[in-house]
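Participant: The structure follows.
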Amino acid sequence: MKQTLITNIGKLIGVTDKPRLCGMEMADINGLDNAYLLIEDGKIAQYGTMDTAPEHADTIIDAKGGIVMPSYCDSHTHIVYAGTRDQEFLDKLHGLSYEEIAKRGGGILNSAQRLHETDEMALYEQSAMRLEEVMRTGTGTIEIKSGYGLTLEDELKMLRVIRRLKESYPTLIKSTLLGAHAVPKEYKGRQDDYVTLVCEQMIPAAAHEGLADFIDVFCDEGFFTVADTDRILTAAAKYGLRPKIHANELANSGGVQIGIKHKALSVDHLERAETPEVQALLASTTMPTGLPGASFFLNIPYAPTRQMVNAGLSVAIASDYNPGSSPCGDMRFIMALACIYMRLLPEEAFNAVTINGAYAMDAHQETGSIAIGKRANLILTKPVPSVAFIPYAHHTPYIEKVFLNGEVL
Ligand code: NIG
Ligand code: FE
């Protein structure tokens with residue numbers, strides 16, 4: 001058995017056995033001052049105050065008063081893509097909206113074209129670079145979607161790249177089939193036929209190869225309707241794929257309610273969510289997930305997460321790292337956005353990107369908090385004055401070490 005002991009932890013935060021934190025609970029950091037944490041074979045084995053710390057271990061790491069916390073759980077990303085879309089960034093600066101760029105064949109269809117021209121190996125290499133980038137900034141668990149394939153072959157190509165990332169990295173990775181991300185050009189005017197392709201070919205093929213953990217649909221104005229979403233989620237349920245869907249980003253699309261009807265793990269974006277959506281979420285176990293990186297980059301409203309937490313809901317925050325609407329997967333910055341623009345307290349933002357993020361990708365049994373038996377996916381900070389310092393000084397290199405399965409990155 002391999003033991004690593006972390007001593008002299010100024011604050012051990014995120015200590016909880018709960019699957020998620022709701023409403024007022026989110027303001028509680030669940031911390032322990034002057035603590036130790038013992039890792040055995042990659043798992044959290046023991047923790048407590050320094051006066052009760054074990055004296056021996058194979059490796060001892062002195063935290064020198066730094067914070068130890070669970071690593072970030074980023075429950076919504078699209079990091080498998082080919083090339084970049086910085087040209088569309090310029091289009092946006094020249095006044096075009098996200099919807100206008102999409103209508104011109106840009107946006108998701110532009111990424112689909114590039115992905116089609118990129119072979120699986122090159123796609124893997126580009127994606128692995130992005131994964132390594134976010135690992136260094138403290139992400140230990142991540143959900144990755146397909147959705148730039150839009151043909152059976154290319155969607156499977158994306159999912160195979162995700163599978164290879166799962167096999168190659170110590171990060172805990174969940175994969176989501178997002179065949180219904182946009183209607184490809186060839187199906188223009190035949191949206192129903194494309195939905196049929198998703199239901200009758202993509203879902204069975206992905207399930208057959210065990211390539212997808214979840215199903216997603218971009219249920220929004222100009223993309224997929226509530227009826228399309230209903231069909232797709234019904235087809236996916238037969239294969240045990242739980243939904244995590246894109247909802248209410250561009251319009252009040254009805255996405256939240258259809259997601260809840262299908263017992264979605266999460267409904268994400270929610271920039272246009274209002275009181276009926278909050279009420280519907282309160283009666284469900286679905287995790288509302290805010291993506292402040294997309295609001296920031298697209299310059300659109302932020303999801304009303306403050307109101308949601310005040311209403312007693314559990315909320316997760318994720319990066320949405322993708323080439324078109326959130327080209328940033330750094331959860332340190334995403335947390336800062338959640339505080340500054342969504343008015344979450346630092347403690348609430350912290351819980352939103354750890355335990356609640358883990359819940360939003362059904363990973364809370366394994367990660368997302370300090371609890372005995374969970375993976376030792378941890379961040380050790382340099383000595384910092386407070387928990388608030390983390391989103392406050394988001395560009396200060398405060399990370400001293402990242403641990404994945406107990407190993408220092
Ligand atoms: O989550 N909203 C839809 N999908 C992505 C954006 C994808 C893209 O523009 O490439 C999102 O924002
Ligand atoms: Fe997204």
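Ordering of the structure tokens sets the chain letters (A, B, ...); residue numbers start at 1 within each chain; ligands are numbered from 1 in the order shown.
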Once DSSP has gone over the backbone, tell me which residues of range 141-295 of chain A are in alpha helix (DSSP H), as a PyMOL selection string.
Facilitator: chain A and resi 152-168+191-197+203-208+226-237+255-261+275-282+292-295
Participant: Kindly compile the residues surrounding ligand 1 within 7 Å, counting only C-alpha atoms and all ligand atoms, and format them as a list in words.
Facilitator: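 Using only C-alpha atoms and all ligand atoms, I find these residues within 7 Å of ligand 1: Gly107, Ile108, Ser111, His181, Phe218, His246, Glu249, Ala294, Asp320, Asn322, Pro323, Gly324, Ser325 and Ser326 of chain A.
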Participant: In Å, with one decimal, what is the gap from CA of Val198 in chain A to CA of Thr225 in chain A?
Facilitator: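 If I compute the distance from CA of Val198 in chain A to CA of Thr225 in chain A, I get 14.1 Å.
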Participant: For ligand 2, which of A:Lys2, A:His94, A:Arg163, A:His269 is the closest residue, counting only C-alpha atoms and all ligand atoms?
Facilitator: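 Checking each candidate against ligand 2, we get A:His269 as the closest.
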Participant: Just want the 9 Å neighbourhood of Asn110 in chain A, counted on only C-alpha atoms, with same-chain residues fewer than 6 positions away dropped. Output as a list in words.
Facilitator: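 Using only C-alpha atoms, the neighbours found are Arg85, Ala102 and Tyr148 of chain A.
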Participant: Give me a file of those residues, with all heavy atoms, as a PDB file, in the first residue's frame.
Facilitator:
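Once written, part.pdb looks like this:
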```pdb
ATOM      1  N   ARG A  85     -11.689  29.027 -33.731  1.00  0.00           N
ATOM      2  CA  ARG A  85     -12.654  29.894 -34.423  1.00  0.00           C
ATOM      3  C   ARG A  85     -12.355  31.367 -34.117  1.00  0.00           C
ATOM      4  O   ARG A  85     -13.267  32.167 -33.925  1.00  0.00           O
ATOM      5  CB  ARG A  85     -14.088  29.499 -34.016  1.00  0.00           C
ATOM      6  CG  ARG A  85     -14.445  28.037 -34.302  1.00  0.00           C
ATOM      7  CD  ARG A  85     -15.760  27.852 -35.034  1.00  0.00           C
ATOM      8  NE  ARG A  85     -16.892  28.386 -34.313  1.00  0.00           N
ATOM      9  CZ  ARG A  85     -17.625  27.680 -33.448  1.00  0.00           C
ATOM     10  NH1 ARG A  85     -17.375  26.416 -33.189  1.00  0.00           N
ATOM     11  NH2 ARG A  85     -18.638  28.250 -32.839  1.00  0.00           N
ATOM     12  N   ALA A 102     -23.889  31.678 -36.936  1.00  0.00           N
ATOM     13  CA  ALA A 102     -24.365  30.303 -37.145  1.00  0.00           C
ATOM     14  C   ALA A 102     -25.171  30.212 -38.439  1.00  0.00           C
ATOM     15  O   ALA A 102     -24.999  29.278 -39.230  1.00  0.00           O
ATOM     16  CB  ALA A 102     -25.202  29.846 -35.953  1.00  0.00           C
ATOM     17  N   TYR A 148     -19.462  17.963 -32.727  1.00  0.00           N
ATOM     18  CA  TYR A 148     -18.901  18.639 -33.898  1.00  0.00           C
ATOM     19  C   TYR A 148     -18.710  17.646 -35.044  1.00  0.00           C
ATOM     20  O   TYR A 148     -17.996  17.923 -35.999  1.00  0.00           O
ATOM     21  CB  TYR A 148     -17.567  19.320 -33.563  1.00  0.00           C
ATOM     22  CG  TYR A 148     -17.685  20.449 -32.573  1.00  0.00           C
ATOM     23  CD1 TYR A 148     -16.996  20.414 -31.358  1.00  0.00           C
ATOM     24  CD2 TYR A 148     -18.500  21.547 -32.841  1.00  0.00           C
ATOM     25  CE1 TYR A 148     -17.109  21.443 -30.446  1.00  0.00           C
ATOM     26  CE2 TYR A 148     -18.624  22.584 -31.922  1.00  0.00           C
ATOM     27  CZ  TYR A 148     -17.919  22.525 -30.729  1.00  0.00           C
ATOM     28  OH  TYR A 148     -18.037  23.547 -29.831  1.00  0.00           O
TER      29      TYR A 148
END
```
Participant: Between A:His78, A:Lys166, A:Lys157, A:Arg20, which residue has the minimum interatomic distance to ligand 2, considering only C-alpha atoms and all ligand atoms?
Facilitator: A:His78
Participant: Could you build a table of the residues in range 17-115 of chain A lying no more than 6 Å from range 360-382 of chain A, giving for each the nearest pair of atoms and their separation in Å rounded to one decimal place, using only C-alpha atoms, ordered by chain and ascending residue number, as JSON lines?
Facilitator:
```
{"residue": "A:Asp17", "atom": "CA", "partner": "A:Ala371", "partner_atom": "CA", "distance": 5.9}
{"residue": "A:Pro19", "atom": "CA", "partner": "A:His364", "partner_atom": "CA", "distance": 5.8}
{"residue": "A:Gly42", "atom": "CA", "partner": "A:Ala376", "partner_atom": "CA", "distance": 5.6}
{"residue": "A:Lys43", "atom": "CA", "partner": "A:Arg375", "partner_atom": "CA", "distance": 4.5}
{"residue": "A:Ile44", "atom": "CA", "partner": "A:Ile372", "partner_atom": "CA", "distance": 5.1}
{"residue": "A:Ala45", "atom": "CA", "partner": "A:Ile372", "partner_atom": "CA", "distance": 5.3}
{"residue": "A:Gly66", "atom": "CA", "partner": "A:Lys382", "partner_atom": "CA", "distance": 4.9}
{"residue": "A:Ile67", "atom": "CA", "partner": "A:Thr381", "partner_atom": "CA", "distance": 5.2}
{"residue": "A:Val68", "atom": "CA", "partner": "A:Leu380", "partner_atom": "CA", "distance": 4.6}
{"residue": "A:Met69", "atom": "CA", "partner": "A:Ile379", "partner_atom": "CA", "distance": 5.3}
{"residue": "A:Pro70", "atom": "CA", "partner": "A:Leu378", "partner_atom": "CA", "distance": 4.5}
{"residue": "A:Ser71", "atom": "CA", "partner": "A:Leu378", "partner_atom": "CA", "distance": 4.6}
{"residue": "A:Ser75", "atom": "CA", "partner": "A:Met361", "partner_atom": "CA", "distance": 5.7}
```
Participant: Any chance you could export the current selection's N, CA, C and O atoms as a PDB file, in the first residue's frame?
Facilitator:
```pdb
ATOM      1  N   ASP A  17     -19.959  14.499   2.924  1.00  0.00           N
ATOM      2  CA  ASP A  17     -20.414  13.219   2.375  1.00  0.00           C
ATOM      3  C   ASP A  17     -21.694  13.394   1.572  1.00  0.00           C
ATOM      4  O   ASP A  17     -22.220  12.427   1.026  1.00  0.00           O
ATOM      5  N   PRO A  19     -24.276  14.263  -1.409  1.00  0.00           N
ATOM      6  CA  PRO A  19     -24.122  14.151  -2.874  1.00  0.00           C
ATOM      7  C   PRO A  19     -24.089  15.510  -3.561  1.00  0.00           C
ATOM      8  O   PRO A  19     -23.531  15.655  -4.644  1.00  0.00           O
ATOM      9  N   GLY A  42      -4.081   6.098  -3.696  1.00  0.00           N
ATOM     10  CA  GLY A  42      -4.804   7.043  -4.551  1.00  0.00           C
ATOM     11  C   GLY A  42      -6.133   7.533  -4.012  1.00  0.00           C
ATOM     12  O   GLY A  42      -6.803   8.352  -4.645  1.00  0.00           O
ATOM     13  N   LYS A  43      -6.511   7.010  -2.827  1.00  0.00           N
ATOM     14  CA  LYS A  43      -7.816   7.411  -2.268  1.00  0.00           C
ATOM     15  C   LYS A  43      -7.611   8.176  -0.957  1.00  0.00           C
ATOM     16  O   LYS A  43      -6.603   7.989  -0.261  1.00  0.00           O
ATOM     17  N   ILE A  44      -8.584   8.981  -0.600  1.00  0.00           N
ATOM     18  CA  ILE A  44      -8.532   9.679   0.682  1.00  0.00           C
ATOM     19  C   ILE A  44      -8.821   8.643   1.782  1.00  0.00           C
ATOM     20  O   ILE A  44      -9.878   7.997   1.769  1.00  0.00           O
ATOM     21  N   ALA A  45      -7.851   8.468   2.692  1.00  0.00           N
ATOM     22  CA  ALA A  45      -7.988   7.403   3.692  1.00  0.00           C
ATOM     23  C   ALA A  45      -8.346   7.949   5.066  1.00  0.00           C
ATOM     24  O   ALA A  45      -9.012   7.271   5.860  1.00  0.00           O
ATOM     25  N   GLY A  66      -0.954  26.086   3.404  1.00  0.00           N
ATOM     26  CA  GLY A  66      -1.818  26.266   2.225  1.00  0.00           C
ATOM     27  C   GLY A  66      -3.175  25.594   2.404  1.00  0.00           C
ATOM     28  O   GLY A  66      -3.396  24.843   3.359  1.00  0.00           O
ATOM     29  N   ILE A  67      -4.073  25.901   1.475  1.00  0.00           N
ATOM     30  CA  ILE A  67      -5.404  25.272   1.472  1.00  0.00           C
ATOM     31  C   ILE A  67      -5.314  23.957   0.704  1.00  0.00           C
ATOM     32  O   ILE A  67      -4.629  23.877  -0.317  1.00  0.00           O
ATOM     33  N   VAL A  68      -6.000  22.923   1.197  1.00  0.00           N
ATOM     34  CA  VAL A  68      -6.200  21.709   0.393  1.00  0.00           C
ATOM     35  C   VAL A  68      -7.690  21.596   0.101  1.00  0.00           C
ATOM     36  O   VAL A  68      -8.522  21.704   1.012  1.00  0.00           O
ATOM     37  N   MET A  69      -7.997  21.410  -1.160  1.00  0.00           N
ATOM     38  CA  MET A  69      -9.409  21.317  -1.576  1.00  0.00           C
ATOM     39  C   MET A  69      -9.568  20.247  -2.648  1.00  0.00           C
ATOM     40  O   MET A  69      -8.593  19.852  -3.288  1.00  0.00           O
ATOM     41  N   PRO A  70     -10.812  19.791  -2.852  1.00  0.00           N
ATOM     42  CA  PRO A  70     -11.033  18.860  -3.958  1.00  0.00           C
ATOM     43  C   PRO A  70     -10.730  19.573  -5.278  1.00  0.00           C
ATOM     44  O   PRO A  70     -10.951  20.781  -5.385  1.00  0.00           O
ATOM     45  N   SER A  71     -10.224  18.862  -6.253  1.00  0.00           N
ATOM     46  CA  SER A  71      -9.936  19.523  -7.527  1.00  0.00           C
ATOM     47  C   SER A  71     -11.254  19.865  -8.215  1.00  0.00           C
ATOM     48  O   SER A  71     -12.322  19.359  -7.860  1.00  0.00           O
ATOM     49  N   SER A  75     -18.258  20.088 -15.314  1.00  0.00           N
ATOM     50  CA  SER A  75     -19.289  19.146 -15.761  1.00  0.00           C
ATOM     51  C   SER A  75     -19.829  19.426 -17.162  1.00  0.00           C
ATOM     52  O   SER A  75     -20.794  18.780 -17.590  1.00  0.00           O
TER      53      SER A  75
END
```
Participant: DSSP on the backbone: which residues in range 184-363 of chain A end up as strand (DSSP E)? Give the answer as number ranges by chain.
Facilitator: A: 214-219, 242-247, 266-269, 287-290, 316-317
Participant: I need the residues from that last selection saved to file as an mmCIF file, in the first residue's frame (with N, CA and C atoms), if you can.
Facilitator:
```
data_model
loop_
_atom_site.group_PDB
_atom_site.id
_atom_site.type_symbol
_atom_site.label_atom_id
_atom_site.label_comp_id
_atom_site.auth_asym_id
_atom_site.auth_seq_id
_atom_site.Cartn_x
_atom_site.Cartn_y
_atom_site.Cartn_z
ATOM 1 N N PHE A 214 -23.612 9.763 -21.310
ATOM 2 C CA PHE A 214 -24.810 10.612 -21.257
ATOM 3 C C PHE A 214 -25.239 11.038 -22.661
ATOM 4 N N ILE A 215 -26.468 11.616 -22.711
ATOM 5 C CA ILE A 215 -26.994 12.162 -23.973
ATOM 6 C C ILE A 215 -27.271 13.662 -23.784
ATOM 7 N N ASP A 216 -27.001 14.432 -24.825
ATOM 8 C CA ASP A 216 -27.232 15.889 -24.763
ATOM 9 C C ASP A 216 -27.951 16.327 -26.037
ATOM 10 N N VAL A 217 -28.731 17.404 -25.928
ATOM 11 C CA VAL A 217 -29.393 18.038 -27.079
ATOM 12 C C VAL A 217 -29.285 19.546 -26.871
ATOM 13 N N PHE A 218 -29.003 20.269 -27.936
ATOM 14 C CA PHE A 218 -29.022 21.733 -27.873
ATOM 15 C C PHE A 218 -30.464 22.160 -28.140
ATOM 16 N N CYS A 219 -31.250 22.243 -27.061
ATOM 17 C CA CYS A 219 -32.678 22.558 -27.154
ATOM 18 C C CYS A 219 -32.829 24.069 -27.065
ATOM 19 N N ARG A 242 -28.502 8.879 -19.555
ATOM 20 C CA ARG A 242 -29.211 9.982 -18.880
ATOM 21 C C ARG A 242 -28.898 11.308 -19.556
ATOM 22 N N PRO A 243 -29.881 12.204 -19.593
ATOM 23 C CA PRO A 243 -29.655 13.487 -20.270
ATOM 24 C C PRO A 243 -28.908 14.510 -19.417
ATOM 25 N N LYS A 244 -28.097 15.286 -20.131
ATOM 26 C CA LYS A 244 -27.515 16.537 -19.615
ATOM 27 C C LYS A 244 -27.706 17.466 -20.795
ATOM 28 N N ILE A 245 -28.602 18.422 -20.704
ATOM 29 C CA ILE A 245 -28.918 19.127 -21.950
ATOM 30 C C ILE A 245 -28.599 20.621 -21.925
ATOM 31 N N HIS A 246 -28.418 21.163 -23.136
ATOM 32 C CA HIS A 246 -28.262 22.599 -23.350
ATOM 33 C C HIS A 246 -29.672 23.186 -23.399
ATOM 34 N N ALA A 247 -29.974 24.117 -22.519
ATOM 35 C CA ALA A 247 -31.334 24.652 -22.465
ATOM 36 C C ALA A 247 -31.335 26.145 -22.154
ATOM 37 N N SER A 266 -28.587 17.114 -15.451
ATOM 38 C CA SER A 266 -28.400 18.562 -15.381
ATOM 39 C C SER A 266 -29.055 19.222 -16.578
ATOM 40 N N VAL A 267 -29.437 20.491 -16.397
ATOM 41 C CA VAL A 267 -29.824 21.352 -17.522
ATOM 42 C C VAL A 267 -28.866 22.537 -17.456
ATOM 43 N N ASP A 268 -28.270 22.844 -18.602
ATOM 44 C CA ASP A 268 -27.127 23.751 -18.591
ATOM 45 C C ASP A 268 -27.354 24.984 -19.465
ATOM 46 N N HIS A 269 -26.694 26.039 -19.122
ATOM 47 C CA HIS A 269 -26.778 27.386 -19.732
ATOM 48 C C HIS A 269 -27.752 28.234 -18.923
ATOM 49 N N MET A 287 -29.763 19.066 -11.771
ATOM 50 C CA MET A 287 -28.841 20.129 -11.351
ATOM 51 C C MET A 287 -28.809 21.263 -12.378
ATOM 52 N N PRO A 288 -29.285 22.463 -12.017
ATOM 53 C CA PRO A 288 -29.108 23.592 -12.932
ATOM 54 C C PRO A 288 -27.634 23.979 -12.975
ATOM 55 N N THR A 289 -27.123 24.172 -14.178
ATOM 56 C CA THR A 289 -25.695 24.449 -14.335
ATOM 57 C C THR A 289 -25.483 25.737 -15.111
ATOM 58 N N GLY A 290 -24.830 26.663 -14.486
ATOM 59 C CA GLY A 290 -24.520 27.946 -15.125
ATOM 60 C C GLY A 290 -23.185 27.872 -15.833
ATOM 61 N N ALA A 316 -24.665 24.156 -10.059
ATOM 62 C CA ALA A 316 -23.286 23.855 -10.477
ATOM 63 C C ALA A 316 -22.842 24.920 -11.478
ATOM 64 N N ILE A 317 -21.546 25.095 -11.555
ATOM 65 C CA ILE A 317 -20.952 26.028 -12.522
ATOM 66 C C ILE A 317 -19.899 25.249 -13.316
#
```
Participant: Neighbours of Pro385 in chain A within 12 Å (only C-alpha atoms; same-chain residues fewer than 4 positions away dropped), as a list of chain:residue names?
Facilitator: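 The neighbour list is A:Gly10, A:Lys11, A:Gly65, A:Gly66, A:Ile67, A:Thr381, A:Phe389, A:Ile390, A:Tyr392, A:Ala393, A:Tyr398.
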Participant: Skipping near chain neighbours, those fewer than 5 positions away, what residues fall within 7 Å of Leu21 in chain A using only C-alpha atoms, listed as a ChimeraX atom specification?
Facilitator: /A:26,314,356
Participant: Point out the residue among A:Glu400, A:Glu40, A:Asp220, A:Glu167 with the least atom-to-atom distance to ligand 2, counting only C-alpha atoms and all ligand atoms.
Facilitator: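 Closest candidate: A:Asp220.
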Participant: How close does range 54-126 of chain A get to range 330-344 of chain A? List, as a tab-separated table, each residue of range 54-126 of chain A within 12 Å, its nearest atom pair and the distance in Å to one decimal, counting only C-alpha atoms.
Facilitator:
```
residue	atom	partner	partner_atom	distance
A:Ser71	CA	A:Met331	CA	9.9
A:Tyr72	CA	A:Met331	CA	6.9
A:Cys73	CA	A:Met331	CA	8.7
A:Asp74	CA	A:Met331	CA	7.5
A:Ser75	CA	A:Met331	CA	10.9
A:His76	CA	A:Met331	CA	11.4
A:Thr77	CA	A:Asp330	CA	11.2
```
Participant: Output N, CA and C atoms of each residue in that selection to a file, as a PDB file, in the first residue's frame.
Facilitator:
```pdb
ATOM      1  N   SER A  71     -10.224  18.862  -6.253  1.00  0.00           N
ATOM      2  CA  SER A  71      -9.936  19.523  -7.527  1.00  0.00           C
ATOM      3  C   SER A  71     -11.254  19.865  -8.215  1.00  0.00           C
ATOM      4  N   TYR A  72     -11.160  20.742  -9.206  1.00  0.00           N
ATOM      5  CA  TYR A  72     -12.363  21.231  -9.875  1.00  0.00           C
ATOM      6  C   TYR A  72     -13.024  20.126 -10.690  1.00  0.00           C
ATOM      7  N   CYS A  73     -14.358  20.150 -10.670  1.00  0.00           N
ATOM      8  CA  CYS A  73     -15.170  19.195 -11.415  1.00  0.00           C
ATOM      9  C   CYS A  73     -15.911  19.980 -12.488  1.00  0.00           C
ATOM     10  N   ASP A  74     -15.420  19.914 -13.702  1.00  0.00           N
ATOM     11  CA  ASP A  74     -15.975  20.720 -14.789  1.00  0.00           C
ATOM     12  C   ASP A  74     -16.973  19.848 -15.564  1.00  0.00           C
ATOM     13  N   SER A  75     -18.258  20.088 -15.314  1.00  0.00           N
ATOM     14  CA  SER A  75     -19.289  19.146 -15.761  1.00  0.00           C
ATOM     15  C   SER A  75     -19.829  19.426 -17.162  1.00  0.00           C
ATOM     16  N   HIS A  76     -19.242  20.365 -17.885  1.00  0.00           N
ATOM     17  CA  HIS A  76     -19.771  20.678 -19.233  1.00  0.00           C
ATOM     18  C   HIS A  76     -18.640  21.272 -20.076  1.00  0.00           C
ATOM     19  N   THR A  77     -18.095  20.451 -20.998  1.00  0.00           N
ATOM     20  CA  THR A  77     -17.082  20.978 -21.920  1.00  0.00           C
ATOM     21  C   THR A  77     -17.228  20.345 -23.298  1.00  0.00           C
TER      22      THR A  77
END
```
Participant: Restricting the calculation to only C-alpha atoms and all ligand atoms: of A:Met202, A:Ala236, A:Ala318, A:Ala63, which residue gets closest to ligand 2?
Facilitator: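 Going through A:Met202, A:Ala236, A:Ala318, A:Ala63 one by one, the smallest distance to ligand 2 is for A:Ala318.
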Participant: With a distance cut-off of 8 Å and only C-alpha atoms, select the neighbouring residues of Val278 in chain A, excluding the residue or stretch itself and same-chain residues fewer than 5 positions from it, and output the selection as a PDB file with all heavy atoms, in the first residue's frame.
Facilitator:
```
ATOM      1  N   ALA A 273     -33.551  31.525 -18.289  1.00  0.00           N
ATOM      2  CA  ALA A 273     -34.470  30.868 -17.348  1.00  0.00           C
ATOM      3  C   ALA A 273     -35.174  31.916 -16.493  1.00  0.00           C
ATOM      4  O   ALA A 273     -34.617  32.962 -16.180  1.00  0.00           O
ATOM      5  CB  ALA A 273     -33.697  29.898 -16.464  1.00  0.00           C
ATOM      6  N   MET A 308     -31.555  31.376  -7.990  1.00  0.00           N
ATOM      7  CA  MET A 308     -31.748  29.930  -7.825  1.00  0.00           C
ATOM      8  C   MET A 308     -31.264  29.479  -6.445  1.00  0.00           C
ATOM      9  O   MET A 308     -31.961  28.731  -5.752  1.00  0.00           O
ATOM     10  CB  MET A 308     -30.985  29.170  -8.912  1.00  0.00           C
ATOM     11  CG  MET A 308     -31.620  29.344 -10.274  1.00  0.00           C
ATOM     12  SD  MET A 308     -30.652  28.501 -11.545  1.00  0.00           S
ATOM     13  CE  MET A 308     -31.696  28.787 -12.960  1.00  0.00           C
ATOM     14  N   ALA A 311     -33.550  30.564  -3.825  1.00  0.00           N
ATOM     15  CA  ALA A 311     -34.800  29.792  -3.807  1.00  0.00           C
ATOM     16  C   ALA A 311     -34.594  28.402  -3.195  1.00  0.00           C
ATOM     17  O   ALA A 311     -35.546  27.646  -3.026  1.00  0.00           O
ATOM     18  CB  ALA A 311     -35.340  29.659  -5.223  1.00  0.00           C
TER      19      ALA A 311
END
```
Participant: Between A:Leu90, A:Tyr81, A:Ser127, A:Leu291, which one has atoms that come closest to ligand 2, using only C-alpha atoms and all ligand atoms?
Facilitator: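 Of A:Leu90, A:Tyr81, A:Ser127, A:Leu291, the one nearest ligand 2 is A:Leu291, counting only C-alpha atoms and all ligand atoms.
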